[in-house]
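Have a look at upload25.csv below; it lists CSV, C-alpha atoms.
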```csv
chain,number,residue,atom,x,y,z
F,18,MET,CA,0.0,0.0,0.0
F,19,PHE,CA,2.7,2.5,1.0
F,20,ASP,CA,4.7,1.5,-2.1
F,21,MET,CA,2.1,3.4,-4.1
F,22,LEU,CA,3.3,6.7,-2.5
F,23,PHE,CA,6.7,6.1,-4.0
F,24,ALA,CA,5.6,4.9,-7.4
F,25,PRO,CA,6.6,7.4,-10.1
F,26,THR,CA,3.1,7.3,-11.7
F,27,TRP,CA,-0.2,5.6,-11.0
F,28,SER,CA,-2.7,4.3,-13.5
F,29,PRO,CA,-4.5,7.3,-14.9
F,30,TYR,CA,-7.8,5.6,-14.0
F,31,ILE,CA,-6.8,5.4,-10.3
F,32,ALA,CA,-5.5,9.0,-10.2
F,33,GLY,CA,-8.6,10.1,-12.0
F,34,ALA,CA,-11.0,8.3,-9.7
F,35,GLY,CA,-9.1,9.9,-6.7
F,36,ILE,CA,-9.7,13.3,-8.2
F,37,GLY,CA,-13.4,12.4,-8.7
F,38,ILE,CA,-13.6,11.6,-4.9
F,39,LEU,CA,-11.9,15.0,-4.2
F,40,VAL,CA,-14.6,16.8,-6.2
F,41,CYS,CA,-17.3,15.1,-4.1
F,42,LEU,CA,-15.4,16.1,-1.0
F,43,SER,CA,-15.3,19.7,-2.2
F,44,PHE,CA,-19.1,19.6,-2.7
F,45,LEU,CA,-19.7,18.0,0.7
F,46,MET,CA,-17.2,20.0,2.9
F,47,CYS,CA,-16.8,23.3,1.0
F,48,ASN,CA,-20.2,23.6,-0.7
F,49,ARG,CA,-18.6,24.4,-4.0
F,50,PRO,CA,-17.1,22.7,-7.1
F,51,LEU,CA,-13.4,22.0,-7.3
F,52,GLY,CA,-12.1,24.7,-9.7
F,53,THR,CA,-8.7,26.3,-9.8
F,54,SER,CA,-8.7,29.2,-12.2
F,55,SER,CA,-10.7,31.6,-10.0
F,56,ALA,CA,-7.8,31.4,-7.5
F,57,TYR,CA,-5.6,33.4,-9.9
F,58,ALA,CA,-8.3,36.1,-10.2
F,59,LYS,CA,-8.4,36.3,-6.4
F,60,ALA,CA,-4.6,36.4,-6.2
F,61,TRP,CA,-4.5,39.2,-8.8
F,62,GLY,CA,-7.3,41.0,-6.9
F,63,LEU,CA,-5.3,40.8,-3.7
F,64,LEU,CA,-2.3,42.3,-5.4
F,65,GLU,CA,-4.4,45.2,-6.8
F,66,LYS,CA,-6.0,45.7,-3.4
F,67,ALA,CA,-2.5,46.0,-1.8
F,68,VAL,CA,-1.7,48.8,-4.2
F,69,ASP,CA,-5.2,50.5,-4.1
F,70,PRO,CA,-7.4,49.4,-1.2
F,71,ALA,CA,-10.5,50.9,-2.9
F,72,VAL,CA,-10.1,48.8,-6.1
F,73,GLU,CA,-12.8,46.4,-5.0
F,74,GLU,CA,-15.5,49.1,-5.2
F,75,LYS,CA,-14.0,50.5,-8.4
F,76,LYS,CA,-14.0,47.4,-10.6
F,77,GLU,CA,-17.2,45.7,-11.5
F,78,PHE,CA,-15.6,42.3,-11.8
F,79,TYR,CA,-14.8,42.2,-8.1
F,80,ARG,CA,-18.3,43.2,-7.1
F,81,GLU,CA,-20.1,40.9,-9.5
F,82,GLU,CA,-17.9,37.9,-10.0
F,83,ILE,CA,-14.9,37.1,-7.8
F,84,PRO,CA,-14.1,39.3,-4.8
F,85,PRO,CA,-10.4,39.4,-3.8
F,86,ARG,CA,-10.3,37.3,-0.6
F,87,VAL,CA,-8.0,35.0,1.1
F,88,ASP,CA,-10.2,31.9,1.3
F,89,GLY,CA,-10.3,28.2,0.6
F,90,VAL,CA,-10.3,28.7,-3.2
F,91,LEU,CA,-7.1,30.7,-3.0
F,92,MET,CA,-5.5,28.1,-0.8
F,93,LEU,CA,-5.9,25.5,-3.6
F,94,LEU,CA,-3.0,27.0,-5.4
F,95,PRO,CA,-0.3,26.6,-2.8
F,96,GLY,CA,-1.9,23.3,-2.0
F,97,ILE,CA,-1.5,22.0,-5.5
F,98,LEU,CA,2.1,23.2,-5.7
F,99,ILE,CA,2.9,21.4,-2.4
F,100,GLY,CA,1.1,18.2,-3.3
F,101,ALA,CA,2.8,17.9,-6.7
F,102,PHE,CA,6.1,18.7,-5.0
F,103,LEU,CA,5.6,15.9,-2.4
F,104,SER,CA,4.5,13.4,-5.0
F,105,ALA,CA,7.5,14.1,-7.2
F,106,ALA,CA,9.9,14.2,-4.3
F,107,LEU,CA,8.7,10.9,-2.9
F,108,SER,CA,9.2,9.2,-6.2
F,109,GLY,CA,12.5,10.8,-7.1
F,110,GLN,CA,11.0,12.8,-10.0
F,111,LEU,CA,11.8,16.2,-8.7
F,112,HIS,CA,14.2,18.0,-11.0
F,113,LEU,CA,14.5,21.5,-12.2
F,114,SER,CA,13.8,22.0,-15.9
F,115,LEU,CA,13.2,25.0,-18.2
F,116,VAL,CA,12.4,23.5,-21.6
F,117,PRO,CA,10.1,20.4,-21.8
F,118,LEU,CA,11.4,17.6,-24.0
F,119,LEU,CA,8.6,17.7,-26.6
F,120,TRP,CA,9.1,21.5,-26.9
F,121,ALA,CA,12.8,21.1,-27.3
F,122,GLY,CA,12.4,18.5,-30.0
F,123,ALA,CA,10.3,21.0,-32.1
F,124,PHE,CA,11.6,24.4,-31.2
F,125,GLY,CA,15.0,23.9,-29.7
F,126,ASN,CA,16.6,24.5,-26.3
F,127,ASN,CA,16.2,28.3,-26.1
F,128,ALA,CA,14.9,28.8,-22.5
F,129,ILE,CA,13.9,32.4,-23.1
F,130,LEU,CA,11.7,31.5,-26.0
F,131,ARG,CA,10.0,28.8,-23.9
F,132,VAL,CA,9.4,31.1,-20.9
F,133,VAL,CA,8.0,33.9,-23.1
F,134,VAL,CA,5.6,31.5,-24.8
F,135,ALA,CA,4.6,30.0,-21.5
F,136,PHE,CA,4.0,33.5,-20.1
F,137,LEU,CA,1.9,34.4,-23.2
F,138,GLY,CA,0.1,31.1,-23.0
F,139,GLY,CA,-0.7,31.7,-19.3
F,140,ILE,CA,-2.2,35.1,-20.2
F,141,VAL,CA,-4.4,33.6,-22.9
F,142,LEU,CA,-5.4,30.7,-20.7
F,143,ALA,CA,-6.5,32.8,-17.8
F,144,PHE,CA,-8.3,35.2,-20.1
F,145,GLY,CA,-10.2,32.3,-21.7
F,146,ALA,CA,-10.9,30.7,-18.3
F,147,ARG,CA,-12.5,33.9,-17.0
F,148,TRP,CA,-14.4,34.4,-20.3
F,149,ALA,CA,-15.8,30.9,-20.1
F,150,GLY,CA,-16.2,31.0,-16.3
F,151,GLY,CA,-14.0,28.1,-15.4
F,152,CYS,CA,-11.2,25.8,-16.4
F,153,THR,CA,-10.3,22.1,-16.9
F,154,SER,CA,-11.1,21.3,-13.3
F,155,GLY,CA,-14.1,23.7,-12.7
F,156,HIS,CA,-15.8,23.1,-16.0
F,157,GLY,CA,-14.0,20.0,-17.3
F,158,ILE,CA,-14.5,17.8,-14.3
F,159,SER,CA,-16.8,19.5,-11.6
F,160,GLY,CA,-19.2,21.0,-14.2
F,161,THR,CA,-19.5,18.1,-16.6
F,162,SER,CA,-20.1,15.8,-13.6
F,163,GLN,CA,-23.1,17.9,-12.8
F,164,LEU,CA,-24.2,17.6,-16.5
F,165,ALA,CA,-24.1,21.4,-16.8
F,166,LEU,CA,-24.5,22.5,-20.4
F,167,SER,CA,-22.1,25.5,-19.8
F,168,SER,CA,-19.4,23.1,-18.8
F,169,ILE,CA,-20.0,20.5,-21.5
F,170,VAL,CA,-19.7,23.2,-24.2
F,171,SER,CA,-16.7,24.8,-22.5
F,172,ALA,CA,-14.8,21.5,-22.1
F,173,ALA,CA,-15.4,20.6,-25.7
F,174,CYS,CA,-14.1,24.0,-26.8
F,175,PHE,CA,-11.0,23.7,-24.5
F,176,PHE,CA,-10.0,20.6,-26.5
F,177,ILE,CA,-11.1,21.9,-29.9
F,178,GLY,CA,-9.1,25.1,-29.5
F,179,GLY,CA,-6.2,23.2,-27.9
F,180,ILE,CA,-6.0,20.5,-30.5
F,181,ILE,CA,-6.1,23.0,-33.4
F,182,THR,CA,-3.5,25.2,-31.8
F,183,ALA,CA,-1.2,22.3,-31.0
F,184,PHE,CA,-1.4,20.9,-34.5
F,185,LEU,CA,-0.7,24.3,-36.0
F,186,LEU,CA,2.3,24.7,-33.6
F,187,PHE,CA,3.8,21.3,-34.1
F,188,HIS,CA,2.8,20.3,-37.6
F,189,GLY,CA,2.5,23.8,-39.2
F,190,SER,CA,1.0,23.7,-42.6
F,191,GLY,CA,0.9,19.9,-42.6
F,192,VAL,CA,-2.6,19.9,-40.9
Y,28,MET,CA,-27.7,24.2,11.9
Y,29,SER,CA,-26.2,20.9,10.5
Y,30,LEU,CA,-22.6,20.0,10.8
Y,31,CYS,CA,-22.0,20.5,7.1
Y,32,THR,CA,-23.4,24.0,7.2
Y,33,ARG,CA,-21.3,24.9,10.2
Y,34,ILE,CA,-18.2,23.7,8.3
Y,35,HIS,CA,-19.2,25.6,5.2
Y,36,ASN,CA,-19.5,28.8,7.2
Y,37,ASP,CA,-16.3,28.5,9.2
Y,38,GLY,CA,-13.7,30.6,7.4
Y,39,LYS,CA,-10.6,29.1,9.1
Y,40,THR,CA,-11.8,25.5,8.5
Y,41,GLN,CA,-12.3,26.4,4.9
Y,42,LEU,CA,-8.8,27.7,4.6
Y,43,VAL,CA,-7.4,24.5,5.9
Y,44,LEU,CA,-9.8,22.4,3.8
Y,45,GLY,CA,-8.8,24.3,0.7
Y,46,LEU,CA,-5.1,23.7,1.4
Y,47,CYS,CA,-5.7,20.0,2.1
Y,48,ILE,CA,-7.8,19.4,-1.0
Y,49,GLY,CA,-5.2,21.4,-3.0
Y,50,ILE,CA,-2.4,19.1,-1.6
Y,51,LEU,CA,-4.3,15.9,-2.5
Y,52,PHE,CA,-5.3,17.4,-5.9
Y,53,GLY,CA,-1.6,18.3,-6.7
Y,54,PHE,CA,-0.5,14.8,-5.5
Y,55,LEU,CA,-3.0,13.0,-7.7
Y,56,LEU,CA,-2.3,15.3,-10.7
Y,57,GLN,CA,1.4,14.5,-10.5
Y,58,LYS,CA,0.8,10.7,-9.9
Y,59,GLY,CA,-1.6,10.8,-12.9
Y,60,GLY,CA,1.2,12.2,-15.0
Y,61,VAL,CA,-0.7,15.3,-16.0
Y,62,THR,CA,1.6,17.9,-14.4
Y,63,SER,CA,3.9,17.3,-17.4
Y,64,TYR,CA,3.9,19.5,-20.5
Y,65,ASP,CA,4.8,16.5,-22.6
Y,66,VAL,CA,1.8,14.5,-21.5
Y,67,ILE,CA,-0.7,17.4,-22.0
Y,68,VAL,CA,0.6,18.5,-25.4
Y,69,GLY,CA,0.8,14.8,-26.3
Y,70,GLN,CA,-2.9,14.7,-25.6
Y,71,LEU,CA,-3.6,17.8,-27.8
Y,72,LEU,CA,-1.6,16.2,-30.6
Y,73,LEU,CA,-3.7,13.0,-30.1
Y,74,GLU,CA,-0.6,10.9,-29.4
Y,75,ASN,CA,-1.0,10.3,-25.7
Y,76,PHE,CA,-4.5,9.8,-24.1
Y,77,THR,CA,-3.5,10.1,-20.4
Y,78,VAL,CA,-5.4,13.4,-19.9
Y,79,VAL,CA,-8.7,12.1,-21.3
Y,80,LYS,CA,-8.3,8.9,-19.2
Y,81,VAL,CA,-7.7,10.9,-16.0
Y,82,MET,CA,-10.6,13.3,-16.7
Y,83,LEU,CA,-13.1,10.7,-17.7
Y,84,SER,CA,-12.2,8.5,-14.7
Y,85,ALA,CA,-12.7,11.6,-12.5
Y,86,VAL,CA,-16.1,12.5,-14.1
Y,87,ILE,CA,-17.3,8.8,-13.9
Y,88,VAL,CA,-16.7,8.9,-10.1
Y,89,ALA,CA,-17.8,12.5,-9.4
Y,90,MET,CA,-21.0,12.3,-11.5
Y,91,ILE,CA,-22.4,9.5,-9.4
Y,92,GLY,CA,-20.9,10.9,-6.1
Y,93,ILE,CA,-22.3,14.4,-6.5
Y,94,HIS,CA,-25.8,13.3,-7.6
Y,95,LEU,CA,-26.0,10.9,-4.7
Y,96,LEU,CA,-24.9,13.6,-2.2
Y,97,VAL,CA,-27.5,15.9,-3.7
Y,98,ARG,CA,-30.2,13.1,-3.7
Y,99,PHE,CA,-29.6,12.5,0.1
Y,100,GLY,CA,-29.4,16.2,1.0
Y,101,TYR,CA,-25.7,16.5,1.7
Y,102,ALA,CA,-24.8,18.9,-1.1
Y,103,GLU,CA,-26.3,21.2,-3.7
Y,104,LEU,CA,-25.6,21.4,-7.4
Y,105,HIS,CA,-23.6,24.5,-8.4
Y,106,VAL,CA,-24.4,25.0,-12.0
Y,107,HIS,CA,-23.7,28.2,-13.8
Y,108,PRO,CA,-26.1,29.2,-16.6
Y,109,GLY,CA,-24.2,29.2,-19.8
Y,110,SER,CA,-24.3,30.9,-23.2
Y,111,TRP,CA,-22.5,30.5,-26.6
Y,112,GLY,CA,-21.0,34.0,-26.0
Y,113,SER,CA,-19.3,32.9,-22.8
Y,114,ASN,CA,-18.6,29.2,-23.1
Y,115,LEU,CA,-18.0,28.8,-26.8
Y,116,ILE,CA,-15.7,31.9,-27.3
Y,117,GLY,CA,-14.1,31.6,-23.8
Y,118,GLY,CA,-13.5,27.9,-24.3
Y,119,LEU,CA,-11.8,28.4,-27.6
Y,120,ILE,CA,-9.6,31.2,-26.2
Y,121,PHE,CA,-8.7,28.9,-23.3
Y,122,GLY,CA,-7.8,26.1,-25.8
Y,123,VAL,CA,-5.3,28.4,-27.5
Y,124,GLY,CA,-3.6,29.1,-24.1
Y,125,PHE,CA,-3.9,25.4,-23.2
Y,126,ALA,CA,-1.7,24.5,-26.2
Y,127,LEU,CA,0.8,27.4,-25.9
Y,128,LEU,CA,1.4,26.9,-22.2
Y,129,GLY,CA,1.0,23.1,-22.4
Y,130,LEU,CA,-0.6,23.1,-19.0
Y,131,CYS,CA,-3.9,24.3,-17.5
Y,132,PRO,CA,-4.6,26.5,-14.4
Y,133,GLY,CA,-4.4,23.6,-12.0
Y,134,THR,CA,-1.6,21.6,-13.6
Y,135,VAL,CA,0.6,24.7,-14.1
Y,136,ALA,CA,0.8,25.0,-10.3
Y,137,GLY,CA,1.5,21.3,-10.1
Y,138,ALA,CA,4.2,21.5,-12.8
Y,139,ALA,CA,5.9,24.3,-10.8
Y,140,GLY,CA,5.9,22.1,-7.8
Y,141,THR,CA,7.8,19.3,-9.7
Y,142,GLY,CA,10.5,21.8,-10.7
Y,143,ALA,CA,9.2,23.0,-14.1
Y,144,LEU,CA,10.7,26.5,-14.1
Y,145,ASP,CA,8.9,27.5,-17.3
Y,146,ALA,CA,5.6,26.9,-15.4
Y,147,LEU,CA,6.9,28.8,-12.4
Y,148,VAL,CA,8.4,31.9,-14.0
Y,149,GLY,CA,6.4,32.0,-17.2
Y,150,GLY,CA,3.0,30.2,-16.8
Y,151,ILE,CA,1.9,31.3,-13.3
Y,152,PRO,CA,2.8,35.0,-13.7
Y,153,GLY,CA,1.0,34.8,-17.1
Y,154,MET,CA,-2.1,33.4,-15.4
Y,155,LEU,CA,-2.1,36.4,-13.0
Y,156,VAL,CA,-1.6,39.0,-15.7
Y,157,GLY,CA,-4.3,37.3,-17.9
Y,158,SER,CA,-6.7,37.3,-15.0
Y,159,GLY,CA,-5.9,41.0,-14.4
Y,160,LEU,CA,-6.4,41.8,-18.1
Y,161,PHE,CA,-9.9,40.2,-18.1
Y,162,ILE,CA,-10.8,41.9,-14.8
Y,163,SER,CA,-10.0,45.3,-16.4
Y,164,LEU,CA,-11.8,44.6,-19.7
Y,165,TYR,CA,-14.8,42.9,-17.9
Y,166,PRO,CA,-17.2,45.9,-18.3
Y,167,LYS,CA,-16.6,45.8,-22.1
Y,168,ILE,CA,-16.8,42.0,-22.4
Y,169,LYS,CA,-19.9,41.6,-20.3
Y,170,PRO,CA,-22.4,42.1,-23.1
Y,171,ILE,CA,-20.7,39.3,-25.1
Y,172,LEU,CA,-20.9,36.9,-22.1
Y,173,CYS,CA,-24.7,37.1,-22.2
Y,174,ARG,CA,-25.1,36.6,-25.9
Y,175,ALA,CA,-27.2,33.5,-27.0
Y,176,PRO,CA,-27.9,32.0,-23.6
Y,177,PHE,CA,-28.5,28.2,-23.5
Y,178,ALA,CA,-32.1,27.1,-23.3
Y,179,ALA,CA,-31.5,25.0,-20.2
Y,180,GLN,CA,-28.9,24.8,-17.4
Y,181,THR,CA,-28.3,21.0,-17.5
Y,182,LEU,CA,-28.4,18.2,-20.0
Y,183,PRO,CA,-31.4,16.4,-18.3
Y,184,GLU,CA,-33.4,19.7,-18.4
Y,185,PHE,CA,-32.4,20.3,-22.0
Y,186,LEU,CA,-33.4,16.8,-23.1
Y,187,HIS,CA,-36.6,16.8,-20.8
Y,188,LEU,CA,-35.4,13.5,-19.4
Y,189,ASN,CA,-35.2,12.2,-15.9
Y,190,ARG,CA,-31.8,13.1,-14.4
Y,191,TRP,CA,-31.0,9.5,-13.4
Y,192,ILE,CA,-31.7,8.2,-16.9
Y,193,VAL,CA,-29.2,10.7,-18.4
Y,194,ILE,CA,-26.6,9.9,-15.7
Y,195,VAL,CA,-26.8,6.1,-16.4
Y,196,VAL,CA,-26.5,6.7,-20.2
Y,197,VAL,CA,-23.6,9.1,-19.9
Y,198,GLU,CA,-21.8,6.9,-17.4
Y,199,VAL,CA,-22.2,3.9,-19.7
Y,200,CYS,CA,-20.8,6.0,-22.6
Y,201,MET,CA,-17.8,7.2,-20.6
Y,202,ILE,CA,-17.0,3.7,-19.4
Y,203,GLY,CA,-17.4,2.4,-23.0
Y,204,ILE,CA,-14.9,5.1,-24.3
Y,205,LEU,CA,-12.3,4.0,-21.7
Y,206,LEU,CA,-12.8,0.3,-22.6
Y,207,LEU,CA,-12.5,1.2,-26.3
Y,208,PHE,CA,-9.2,3.0,-25.6
Y,209,ALA,CA,-7.9,-0.1,-23.7
Y,210,GLY,CA,-9.2,-2.3,-26.5
Y,211,ILE,CA,-7.4,-0.4,-29.3
Y,212,GLY,CA,-4.3,0.0,-27.2
Y,213,LEU,CA,-4.4,3.8,-26.8
```
Written form, structure tokens:
Amino acid sequence: MFDMLFAPTWSPYIAGAGIGILVCLSFLMCNRPLGTSSAYAKAWGLLEKAVDPAVEEKKEFYREEIPPRVDGVLMLLPGILIGAFLSAALSGQLHLSLVPLLWAGAFGNNAILRVVVAFLGGIVLAFGARWAGGCTSGHGISGTSQLALSSIVSAACFFIGGIITAFLLFHGSGV
Amino acid sequence: MSLCTRIHNDGKTQLVLGLCIGILFGFLLQKGGVTSYDVIVGQLLLENFTVVKVMLSAVIVAMIGIHLLVRFGYAELHVHPGSWGSNLIGGLIFGVGFALLGLCPGTVAGAAGTGALDALVGGIPGMLVGSGLFISLYPKIKPILCRAPFAAQTLPEFLHLNRWIVIVVVEVCMIGILLLFAGIGL
């Protein structure tokens, strides 16, 4: 049983089923779906609030959608980072890297290029998540599990947009 | 007031619960292999089906679990009404970022935890800036978000079918897809 903690990977079915149980726990204990993307909006809101304490009244988004608060949703972010760190450390998979293998194979080893594209990708990703009202966890897992139409359409579009972009990036005109 | 409601309303307990659920989530994402750029982009290139396997397994469990919790009064559904203006457009924008970063909002934090510096110094700051950009543009985007709302909130309402019939059919389809993957060696 404890061997599992040190295994480099688990069957995707087991890991996925575990995530499914976590989503149920979130509904039961926290009265909300398990969604990560709003934590970034909260974190940004807290940064803005540190600079201008009145920003919460000034910006419609904070009043109508996601108020900048230190709460359980925000805590998911450090939690995920710590959890993945523990998992990787226990199985000897912790290593610093800048350029992923698949990226290096297609675009070379230039770390600055990779970090710039990751930064731009992060901007587009968060922008899209807020536009659609959720991400892979909030819509893709928690929302589709509730059979929400908003989540089913969003999740389908995540993959349609992602697959088209990935093919254009990696296979260029050969699509 | 029930025990569950007391837990929901206790701010400190919620902070600890959020952290603990996050830790377990990060642990499972890493063990499932999806905190890796190569695995996620491999999925988008239709070469590696780990992401779909993890997500479908999660939904298979969560769909039954959530609806049972709701049926017995231990939880409520949290469904957002949707629209083509919000979910179609936002979803496609998300997809572009998904492929560029090669991670999603949860797995980018996980990747940073495993030592992926491109996630830590590129992806996460990008997520913060992208959120800030949307927050600033929100008053201008809001009219688009309400465009072409969906006729119903959930699939059973849309189909005018009993919720449990839809759940059983969708569950059977998802299990069938996973069996098909195993059968053709994906």
(request) Considering all atoms listed in the file, return as a VMD selection string whatever protein or nucleic-acid residues lie within 9 Å of Met82 in chain Y, sequence-local ones (same chain, fewer than 5 positions apart) excluded. (result) (chain F and resid 29 to 30 33 to 34 36 to 37 153 to 154 157 to 158) or (chain Y and resid 77 87)
Using C-alpha atoms, can you write the selected residues to a file as a short mmCIF file (atom, residue, chain, number, x, y, z; two decimals), in the coordinates of the input?
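To be explicit, this is the file written out as again14.cif:
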```
data_model
loop_
_atom_site.label_atom_id
_atom_site.label_comp_id
_atom_site.auth_asym_id
_atom_site.auth_seq_id
_atom_site.Cartn_x
_atom_site.Cartn_y
_atom_site.Cartn_z
CA PRO F 29 -4.50 7.30 -14.90
CA TYR F 30 -7.80 5.60 -14.00
CA GLY F 33 -8.60 10.10 -12.00
CA ALA F 34 -11.00 8.30 -9.70
CA ILE F 36 -9.70 13.30 -8.20
CA GLY F 37 -13.40 12.40 -8.70
CA THR F 153 -10.30 22.10 -16.90
CA SER F 154 -11.10 21.30 -13.30
CA GLY F 157 -14.00 20.00 -17.30
CA ILE F 158 -14.50 17.80 -14.30
CA THR Y 77 -3.50 10.10 -20.40
CA ILE Y 87 -17.30 8.80 -13.90
#
```
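CA of Asn127 in chain F lies 9.1 Å from CA of Leu115 in chain F.
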(message) Which residues are close to range 123-137 of chain Y, i.e. within 7 Å by all atoms listed in the file, leaving aside same-chain residues fewer than 5 positions away? Reply as a list of chain:residue names.
(response)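 My list of contacting residues is F:Thr53, F:Ser54, F:Leu94, F:Ile97, F:Leu98, F:Ala101, F:Val134, F:Ala135, F:Gly138, F:Gly139, F:Val141, F:Leu142, F:Cys152, F:Thr153, F:Gly178, F:Gly179, F:Thr182, F:Ala183, Y:Gly53, Y:Leu56, Y:Gln57, Y:Val61, Y:Thr62, Y:Tyr64, Y:Ile67, Y:Val68, Y:Ala146, Y:Gly150, Y:Ile151.
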(message) Let me make sure I understand: among F:Ala105, F:Val87, F:Ala123, F:Leu64, which one has the smallest atom-to-atom distance to Gly60 in chain Y if we use all atoms listed in the file?
(response) F:Ala105
(message) Between CA of Arg190 in chain Y and CA of Val40 in chain F, what distance in Å does the model show, to one decimal?
(response)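 Taking CA of Arg190 in chain Y and CA of Val40 in chain F, their separation equals 19.4 Å.
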(request) List every protein, DNA or RNA residue that has at least one atom no more than 12 Å from (-25.9, 18.8, -7.6) in the file's coordinates, counting only C-alpha atoms, and write the result as a ChimeraX atom specification. (result) /F:40-41,43-45,48-50,159-165 /Y:89-107,180-181,190
Selection above as a file: C-alpha atoms, as a PDB file, in the frame of the given file:
```pdb
ATOM      1  CA  VAL F  40     -14.600  16.800  -6.200  1.00  0.00           C
ATOM      2  CA  CYS F  41     -17.300  15.100  -4.100  1.00  0.00           C
ATOM      3  CA  SER F  43     -15.300  19.700  -2.200  1.00  0.00           C
ATOM      4  CA  PHE F  44     -19.100  19.600  -2.700  1.00  0.00           C
ATOM      5  CA  LEU F  45     -19.700  18.000   0.700  1.00  0.00           C
ATOM      6  CA  ASN F  48     -20.200  23.600  -0.700  1.00  0.00           C
ATOM      7  CA  ARG F  49     -18.600  24.400  -4.000  1.00  0.00           C
ATOM      8  CA  PRO F  50     -17.100  22.700  -7.100  1.00  0.00           C
ATOM      9  CA  SER F 159     -16.800  19.500 -11.600  1.00  0.00           C
ATOM     10  CA  GLY F 160     -19.200  21.000 -14.200  1.00  0.00           C
ATOM     11  CA  THR F 161     -19.500  18.100 -16.600  1.00  0.00           C
ATOM     12  CA  SER F 162     -20.100  15.800 -13.600  1.00  0.00           C
ATOM     13  CA  GLN F 163     -23.100  17.900 -12.800  1.00  0.00           C
ATOM     14  CA  LEU F 164     -24.200  17.600 -16.500  1.00  0.00           C
ATOM     15  CA  ALA F 165     -24.100  21.400 -16.800  1.00  0.00           C
TER      16      ALA F 165
ATOM     17  CA  ALA Y  89     -17.800  12.500  -9.400  1.00  0.00           C
ATOM     18  CA  MET Y  90     -21.000  12.300 -11.500  1.00  0.00           C
ATOM     19  CA  ILE Y  91     -22.400   9.500  -9.400  1.00  0.00           C
ATOM     20  CA  GLY Y  92     -20.900  10.900  -6.100  1.00  0.00           C
ATOM     21  CA  ILE Y  93     -22.300  14.400  -6.500  1.00  0.00           C
ATOM     22  CA  HIS Y  94     -25.800  13.300  -7.600  1.00  0.00           C
ATOM     23  CA  LEU Y  95     -26.000  10.900  -4.700  1.00  0.00           C
ATOM     24  CA  LEU Y  96     -24.900  13.600  -2.200  1.00  0.00           C
ATOM     25  CA  VAL Y  97     -27.500  15.900  -3.700  1.00  0.00           C
ATOM     26  CA  ARG Y  98     -30.200  13.100  -3.700  1.00  0.00           C
ATOM     27  CA  PHE Y  99     -29.600  12.500   0.100  1.00  0.00           C
ATOM     28  CA  GLY Y 100     -29.400  16.200   1.000  1.00  0.00           C
ATOM     29  CA  TYR Y 101     -25.700  16.500   1.700  1.00  0.00           C
ATOM     30  CA  ALA Y 102     -24.800  18.900  -1.100  1.00  0.00           C
ATOM     31  CA  GLU Y 103     -26.300  21.200  -3.700  1.00  0.00           C
ATOM     32  CA  LEU Y 104     -25.600  21.400  -7.400  1.00  0.00           C
ATOM     33  CA  HIS Y 105     -23.600  24.500  -8.400  1.00  0.00           C
ATOM     34  CA  VAL Y 106     -24.400  25.000 -12.000  1.00  0.00           C
ATOM     35  CA  HIS Y 107     -23.700  28.200 -13.800  1.00  0.00           C
ATOM     36  CA  GLN Y 180     -28.900  24.800 -17.400  1.00  0.00           C
ATOM     37  CA  THR Y 181     -28.300  21.000 -17.500  1.00  0.00           C
ATOM     38  CA  ARG Y 190     -31.800  13.100 -14.400  1.00  0.00           C
TER      39      ARG Y 190
END
```
(message) Here is a test: counting only C-alpha atoms, which residue of Y:Leu160, Y:Val148, Y:Ala143, Y:Val199 is nearest to Val133 in chain F?
(response)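 Of all the options, Y:Val148 lies closest to Val133 in chain F.
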So that all listed atoms of range 64-76 of chain F fit with 8 Å spare on each side, what axis-aligned box centre and edge lengths in Å, to one decimal, would you give as lines of an AutoDock Vina configuration file?
```
center_x = -8.6
center_y = 46.6
center_z = -5.9
size_x = 29.8
size_y = 24.6
size_z = 25.4
```
